[in-house]
$ cat entry-v5.cif   # mmCIF, C-alpha atoms
data_structure
loop_
_atom_site.group_PDB
_atom_site.id
_atom_site.type_symbol
_atom_site.label_atom_id
_atom_site.label_comp_id
_atom_site.auth_asym_id
_atom_site.auth_seq_id
_atom_site.Cartn_x
_atom_site.Cartn_y
_atom_site.Cartn_z
ATOM 1 C CA ASP A 1 139.963 159.130 117.235
ATOM 2 C CA GLU A 2 140.646 162.090 114.961
ATOM 3 C CA GLU A 3 143.626 160.226 113.481
ATOM 4 C CA SER A 4 141.691 157.070 112.617
ATOM 5 C CA GLU A 5 140.653 158.097 109.103
ATOM 6 C CA PRO A 6 144.065 159.474 108.001
ATOM 7 C CA LEU A 7 145.717 156.328 109.365
ATOM 8 C CA ARG A 8 143.247 154.144 107.479
ATOM 9 C CA GLN A 9 144.122 156.011 104.287
ATOM 10 C CA ILE A 10 147.852 155.661 104.948
ATOM 11 C CA GLU A 11 147.532 151.937 105.588
ATOM 12 C CA ALA A 12 145.517 151.470 102.387
ATOM 13 C CA ALA A 13 148.083 153.464 100.381
ATOM 14 C CA LEU A 14 150.947 151.414 101.793
ATOM 15 C CA LEU A 15 149.194 148.162 100.989
ATOM 16 C CA ARG A 16 148.459 149.201 97.405
ATOM 17 C CA ALA A 17 152.057 150.272 96.794
ATOM 18 C CA LEU A 18 153.749 147.313 98.489
ATOM 19 C CA GLU A 19 151.364 144.767 97.019
ATOM 20 C CA ARG A 20 151.894 146.125 93.514
ATOM 21 C CA ALA A 21 155.693 146.394 93.778
ATOM 22 C CA LEU A 22 156.596 143.487 96.074
ATOM 23 C CA GLY A 23 153.532 141.262 96.265
ATOM 24 C CA ALA A 24 153.306 142.098 99.983
ATOM 25 C CA ILE A 25 150.428 141.139 102.254
ATOM 26 C CA PRO A 26 149.366 142.969 105.445
ATOM 27 C CA ALA A 27 150.102 141.234 108.750
ATOM 28 C CA GLY A 28 148.681 143.727 111.249
ATOM 29 C CA ARG A 29 149.372 146.938 113.095
ATOM 30 C CA VAL A 30 150.293 147.954 116.632
ATOM 31 C CA THR A 31 149.257 151.304 118.125
ATOM 32 C CA GLY A 32 150.757 152.895 121.231
ATOM 33 C CA GLY A 33 152.910 155.727 122.498
ATOM 34 C CA GLY A 34 151.771 158.065 119.743
ATOM 35 C CA LYS A 35 152.988 155.702 117.033
ATOM 36 C CA VAL A 36 151.419 153.174 114.680
ATOM 37 C CA ARG A 37 153.499 150.309 113.310
ATOM 38 C CA PHE A 38 152.218 148.688 110.109
ATOM 39 C CA SER A 39 153.632 145.256 109.317
ATOM 40 C CA PHE A 40 153.727 143.541 105.914
ATOM 41 C CA TYR A 41 155.257 140.314 104.640
ATOM 42 C CA ALA A 42 156.774 139.915 101.166
ATOM 43 C CA MET A 43 159.045 137.461 99.367
ATOM 44 C CA GLN A 44 161.691 140.170 98.991
ATOM 45 C CA ALA A 45 162.232 143.812 100.012
ATOM 46 C CA LYS A 46 164.060 145.328 97.044
ATOM 47 C CA ASP A 47 163.820 149.137 97.017
ATOM 48 C CA TYR A 48 161.224 149.064 99.804
ATOM 49 C CA ASP A 49 162.593 152.325 101.224
ATOM 50 C CA ALA A 50 162.081 154.153 97.931
ATOM 51 C CA ILE A 51 158.567 152.736 97.674
ATOM 52 C CA LEU A 52 157.750 153.964 101.172
ATOM 53 C CA ALA A 53 159.191 157.425 100.536
ATOM 54 C CA HIS A 54 157.236 157.830 97.314
ATOM 55 C CA THR A 55 153.969 156.558 98.825
ATOM 56 C CA LEU A 56 154.162 158.542 102.045
ATOM 57 C CA ALA A 57 155.231 161.803 100.437
ATOM 58 C CA GLY A 58 151.532 162.608 100.187
ATOM 59 C CA TYR A 59 151.226 162.739 103.968
ATOM 60 C CA PRO A 60 153.692 165.472 105.039
ATOM 61 C CA GLU A 61 151.954 165.999 108.392
ATOM 62 C CA HIS A 62 153.190 162.577 109.569
ATOM 63 C CA ARG A 63 156.740 161.413 110.194
ATOM 64 C CA PHE A 64 157.686 157.938 109.022
ATOM 65 C CA GLU A 65 160.400 155.385 109.610
ATOM 66 C CA GLY A 66 160.729 152.068 107.800
ATOM 67 C CA GLU A 67 162.787 148.918 108.160
ATOM 68 C CA ALA A 68 162.936 145.490 106.543
ATOM 69 C CA SER A 69 164.224 142.295 108.145
ATOM 70 C CA GLU A 70 164.160 138.598 107.305
ATOM 71 C CA ASP A 71 161.548 136.604 109.192
ATOM 72 C CA ALA A 72 160.944 133.350 107.330
ATOM 73 C CA GLY A 73 159.288 131.790 110.382
ATOM 74 C CA TRP A 74 156.827 134.684 110.864
ATOM 75 C CA LEU A 75 158.004 135.089 114.471
ATOM 76 C CA HIS A 76 157.082 138.778 114.466
ATOM 77 C CA TYR A 77 153.538 137.852 113.529
ATOM 78 C CA PHE A 78 153.032 135.003 115.975
ATOM 79 C CA GLU A 79 154.841 136.603 118.925
ATOM 80 C CA LEU A 80 153.656 140.207 118.548
ATOM 81 C CA LEU A 81 150.793 140.656 116.095
ATOM 82 C CA TYR A 82 148.708 137.513 116.554
ATOM 83 C CA PRO A 83 145.991 138.457 119.062
ATOM 84 C CA ASN A 84 145.881 136.749 122.438
ATOM 85 C CA PRO A 85 142.503 135.470 123.730
ATOM 86 C CA ARG A 86 141.635 138.738 125.511
ATOM 87 C CA GLN A 87 142.405 140.709 122.367
ATOM 88 C CA VAL A 88 140.257 138.309 120.345
ATOM 89 C CA GLN A 89 137.369 139.057 122.697
ATOM 90 C CA CYS A 90 137.860 142.796 122.166
ATOM 91 C CA ILE A 91 137.836 142.233 118.409
ATOM 92 C CA LYS A 92 134.579 140.298 118.714
ATOM 93 C CA ASN A 93 133.143 143.092 120.862
ATOM 94 C CA ARG A 94 134.018 145.744 118.302
ATOM 95 C CA ARG A 95 132.457 143.727 115.485
ATOM 96 C CA ALA A 96 129.274 143.183 117.494
ATOM 97 C CA VAL A 97 128.982 146.876 118.430
ATOM 98 C CA GLU A 98 129.574 147.904 114.820
ATOM 99 C CA MET A 99 126.886 145.451 113.711
ATOM 100 C CA LEU A 100 124.464 146.880 116.268
ATOM 101 C CA GLU A 101 125.218 150.440 115.205
ATOM 102 C CA GLY A 102 124.723 149.400 111.587
ATOM 103 C CA ARG A 103 121.186 148.411 112.514
ATOM 104 C CA GLY A 104 120.531 151.778 114.110
ATOM 105 C CA ASP A 105 121.301 150.771 117.686
ATOM 106 C CA ALA A 106 122.131 153.366 120.350
ATOM 107 C CA PRO A 107 124.783 151.429 122.310
ATOM 108 C CA ALA A 108 124.957 153.889 125.214
ATOM 109 C CA ILE A 109 121.377 152.996 126.235
ATOM 110 C CA PRO A 110 121.427 150.332 129.003
ATOM 111 C CA ARG A 111 119.562 147.139 128.165
ATOM 112 C CA ARG A 112 119.511 143.437 129.032
ATOM 113 C CA VAL A 113 122.813 141.817 128.040
ATOM 114 C CA GLU A 114 123.149 138.039 128.283
ATOM 115 C CA HIS A 115 126.468 136.228 128.714
ATOM 116 C CA TRP A 116 127.472 132.583 128.197
ATOM 117 C CA LEU A 117 130.270 130.837 130.078
ATOM 118 C CA ASN A 118 131.498 127.250 130.296
ATOM 119 C CA PHE A 119 133.204 125.423 133.165
ATOM 120 C CA SER A 120 134.967 122.139 133.751
ATOM 121 C CA SER A 121 133.053 121.314 136.948
ATOM 122 C CA ALA A 122 129.795 122.122 138.689
ATOM 123 C CA GLY A 123 131.759 123.499 141.637
ATOM 124 C CA SER A 124 133.669 126.055 139.587
ATOM 125 C CA ARG A 125 130.441 127.129 137.929
ATOM 126 C CA ALA A 126 128.747 127.551 141.308
ATOM 127 C CA ARG A 127 131.607 129.687 142.645
ATOM 128 C CA PHE A 128 131.499 131.892 139.578
ATOM 129 C CA LEU A 129 127.727 132.289 139.827
ATOM 130 C CA HIS A 130 128.051 133.346 143.474
ATOM 131 C CA TRP A 131 130.512 136.077 142.470
ATOM 132 C CA ALA A 132 128.357 137.143 139.520
ATOM 133 C CA ARG A 133 125.316 137.604 141.736
ATOM 134 C CA THR A 134 127.287 139.899 144.048
ATOM 135 C CA CYS A 135 127.960 142.060 140.955
ATOM 136 C CA GLY A 136 124.311 142.345 139.995
ATOM 137 C CA TYR A 137 124.044 139.530 137.460
ATOM 138 C CA GLU A 138 120.947 137.335 137.345
ATOM 139 C CA LEU A 139 120.811 133.652 136.470
ATOM 140 C CA GLN A 140 119.215 132.942 133.104
ATOM 141 C CA SER A 141 119.949 129.214 132.834
ATOM 142 C CA MET A 142 122.546 126.549 133.456
ATOM 143 C CA TYR A 143 122.878 123.061 132.110
ATOM 144 C CA GLU A 144 125.334 120.218 131.645
ATOM 145 C CA SER A 145 126.316 118.642 128.349
ATOM 146 C CA ASP A 146 126.070 114.860 128.040
ATOM 147 C CA ASP A 147 129.011 114.847 125.621
ATOM 148 C CA ALA A 148 131.730 112.965 127.478
ATOM 149 C CA LYS A 149 134.415 114.457 125.216
ATOM 150 C CA LYS A 150 133.495 118.071 125.920
ATOM 151 C CA ARG A 151 136.257 119.782 127.892
ATOM 152 C CA MET A 152 133.936 122.215 129.707
ATOM 153 C CA PRO A 153 130.472 120.659 129.870
ATOM 154 C CA TYR A 154 128.961 122.934 132.553
ATOM 155 C CA THR A 155 127.343 125.945 130.901
ATOM 156 C CA LEU A 156 126.110 129.093 132.610
ATOM 157 C CA GLN A 157 123.974 131.876 131.156
ATOM 158 C CA ILE A 158 123.666 135.117 133.141
ATOM 159 C CA TRP A 159 122.384 138.599 132.383
ATOM 160 C CA ARG A 160 122.565 142.176 133.631
ATOM 161 C CA THR A 161 121.373 145.577 132.434
ATOM 162 C CA ASP A 162 124.306 147.406 130.855
ATOM 163 C CA ALA A 163 125.290 149.732 128.021
ATOM 164 C CA VAL A 164 127.030 148.089 125.078
ATOM 165 C CA ASP A 165 129.225 150.867 123.725
ATOM 166 C CA TRP A 166 132.682 149.507 122.993
ATOM 167 C CA GLU A 167 134.406 150.760 126.157
ATOM 168 C CA SER A 168 131.592 149.530 128.412
ATOM 169 C CA ILE A 169 131.228 146.087 126.868
ATOM 170 C CA ASN A 170 135.005 145.613 126.823
ATOM 171 C CA ALA A 171 135.251 146.326 130.548
ATOM 172 C CA ILE A 172 132.332 143.997 131.276
ATOM 173 C CA THR A 173 133.386 141.068 129.127
ATOM 174 C CA LEU A 174 137.062 141.174 130.055
ATOM 175 C CA GLN A 175 136.165 141.050 133.743
ATOM 176 C CA LEU A 176 133.947 138.014 133.110
ATOM 177 C CA PHE A 177 136.645 136.550 130.855
ATOM 178 C CA ASP A 178 139.376 136.833 133.501
ATOM 179 C CA LEU A 179 137.256 135.547 136.366
ATOM 180 C CA ALA A 180 136.022 132.607 134.321
ATOM 181 C CA ILE A 181 139.629 131.622 133.580
ATOM 182 C CA ALA A 182 140.460 131.946 137.283
ATOM 183 C CA GLU A 183 137.763 129.342 137.949
ATOM 184 C CA GLY A 184 139.031 127.048 135.214
ATOM 185 C CA GLY A 185 136.332 128.103 132.757
ATOM 186 C CA ASP A 186 136.000 130.164 129.623
ATOM 187 C CA TYR A 187 133.891 133.063 128.427
ATOM 188 C CA GLU A 188 131.880 132.203 125.313
ATOM 189 C CA GLY A 189 130.208 135.486 124.353
ATOM 190 C CA TRP A 190 127.330 137.897 124.851
ATOM 191 C CA GLN A 191 124.020 138.781 123.263
ATOM 192 C CA THR A 192 121.639 141.711 123.335
ATOM 193 C CA GLN A 193 118.859 143.244 121.292
ATOM 194 C CA VAL A 194 119.038 146.172 118.914
ATOM 195 C CA LEU A 195 117.748 149.158 120.860
ATOM 196 C CA LYS A 196 117.127 152.364 118.945
ATOM 197 C CA ALA A 197 116.794 155.684 120.739
ATOM 198 C CA GLY A 198 113.160 156.043 121.796
ATOM 199 C CA GLY A 199 112.210 152.718 120.224
ATOM 200 C CA GLU A 200 111.420 149.140 121.142
ATOM 201 C CA PRO A 201 114.025 146.336 121.118
ATOM 202 C CA GLU A 202 114.415 144.604 117.769
ATOM 203 C CA ASP A 203 116.533 141.697 116.486
ATOM 204 C CA SER A 204 119.238 140.351 118.757
ATOM 205 C CA ALA A 205 122.969 140.339 118.051
ATOM 206 C CA ARG A 206 125.457 137.922 119.567
ATOM 207 C CA THR A 207 129.276 137.726 119.598
#
$ encode --input "entry-v5.cif" --output "structure tokens"
Amino acid sequence: DEESEPLRQIEAALLRALERALGAIPAGRVTGGGKVRFSFYAMQAKDYDAILAHTLAGYPEHRFEGEASEDAGWLHYFELLYPNPRQVQCIKNRRAVEMLEGRGDAPAIPRRVEHWLNFSSAGSRARFLHWARTCGYELQSMYESDDAKKRMPYTLQIWRTDAVDWESINAITLQLFDLAIAEGGDYEGWQTQVLKAGGEPEDSART
């Protein structure tokens, strides 16, 4: 957490320098093992190493390594950087929590959180609902779409009282996400109300 702001500054500095010199665009970053890997794509990489050295000289407390390789098919992006469905859900969760906090929400306060899921059959939905009830979820509603072309026409809406800080909502939604897939369904998203410390619920926010 304490490195987040310096890393944001470093990423911004790299983008400015590489965009100006090489017309580069950012493709993403991967964090793990005490390292952060920033990836950029450009039409050419002439003198990229000198550009990196000059740009990163202002951050002597960090150690850097750089490399350039040809990747006309963007395989690095699609095979490593492009988020998988679980990662997409985490991204949606972060955006929703940030939106709540921007409205003055106190995400650590437990409150009613509603979830939507879709299934390919009534049987798979019923099995999922049985599991959900054993985990403390309550049924809000369920209905079937009359659209014959819809791949998962059986919708389920459930709710439970939970905190919505990022770690909590990630654990909750990814469990629902995985179990829905196991039943041949998909997890659509969640919704809750803005809840300020010591205040009444306000507008709702949904992923």
$ residues_around --input "entry-v5.cif" --residues "stretch 89-91 of chain A" --least-positions-apart "2" --cutoff "8 Å" --atoms "only C-alpha atoms" --output "mmCIF file with C-alpha atoms, in the coordinates of the input"
data_model
loop_
_atom_site.group_PDB
_atom_site.id
_atom_site.type_symbol
_atom_site.label_atom_id
_atom_site.label_comp_id
_atom_site.auth_asym_id
_atom_site.auth_seq_id
_atom_site.Cartn_x
_atom_site.Cartn_y
_atom_site.Cartn_z
ATOM 1 C CA PRO A 85 142.503 135.470 123.730
ATOM 2 C CA ARG A 86 141.635 138.738 125.511
ATOM 3 C CA GLN A 87 142.405 140.709 122.367
ATOM 4 C CA ASN A 93 133.143 143.092 120.862
ATOM 5 C CA ARG A 94 134.018 145.744 118.302
ATOM 6 C CA ARG A 95 132.457 143.727 115.485
ATOM 7 C CA ASN A 170 135.005 145.613 126.823
ATOM 8 C CA THR A 173 133.386 141.068 129.127
ATOM 9 C CA LEU A 174 137.062 141.174 130.055
#
$ resolve_selection --input "entry-v5.cif" --expression "the PyMOL selection byres ((chain A and resi 137) around 7)" --output "count of residues only"
9
$ residues_around --input "entry-v5.cif" --residues "A:Thr31" --least-positions-apart "4" --cutoff "12 Å" --atoms "all atoms listed in the file" --output "list in words"
Glu3, Ser4, Leu7, Lys35, Val36, Arg37, Phe38, Ser39, Leu80 and Leu81 of chain A
$ resolve_selection --input "entry-v5.cif" --expression "the PyMOL selection byres ((chain A and resi 120-124) around 8)" --output "list in words"
Asn118, Phe119, Arg125, Ala126, Arg127, Phe128, Arg151, Met152, Pro153, Tyr154, Glu183, Gly184 and Gly185 of chain A
$ residues_around --input "entry-v5.cif" --residues "A:Glu65" --least-positions-apart "2" --cutoff "9 Å" --atoms "all atoms listed in the file" --output "list in words"
Leu52, Arg63 and Glu67 of chain A
$ atom_distance --input "entry-v5.cif" --atom1 "atom CA of A:Gly28" --atom2 "atom CA of A:Ala50"
21.6 Å
$ atom_distance --input "entry-v5.cif" --atom1 "atom CA of A:Leu129" --atom2 "atom CA of A:Trp190"
16.0 Å
$ resolve_selection --input "entry-v5.cif" --expression "the PyMOL selection byres ((chain A and resi 112) around 10)" --output "short mmCIF file (atom, residue, chain, number, x, y, z; two decimals) with C-alpha atoms, keeping the file's coordinate frame"
data_model
loop_
_atom_site.label_atom_id
_atom_site.label_comp_id
_atom_site.auth_asym_id
_atom_site.auth_seq_id
_atom_site.Cartn_x
_atom_site.Cartn_y
_atom_site.Cartn_z
CA PRO A 110 121.43 150.33 129.00
CA ARG A 111 119.56 147.14 128.16
CA VAL A 113 122.81 141.82 128.04
CA GLU A 114 123.15 138.04 128.28
CA TRP A 159 122.38 138.60 132.38
CA ARG A 160 122.56 142.18 133.63
CA THR A 161 121.37 145.58 132.43
CA ASP A 162 124.31 147.41 130.85
CA ALA A 163 125.29 149.73 128.02
CA VAL A 164 127.03 148.09 125.08
CA GLN A 191 124.02 138.78 123.26
CA THR A 192 121.64 141.71 123.34
CA GLN A 193 118.86 143.24 121.29
#
$ closest_residue --input "entry-v5.cif" --among "A:Ser168, A:Gln44, A:Gly189, A:Arg20" --to "A:Pro107" --atoms "all atoms listed in the file"
A:Ser168
$ closest_residue --input "entry-v5.cif" --among "A:Met142, A:Tyr41, A:Trp166, A:Lys46" --to "A:Leu75" --atoms "only C-alpha atoms"
A:Tyr41
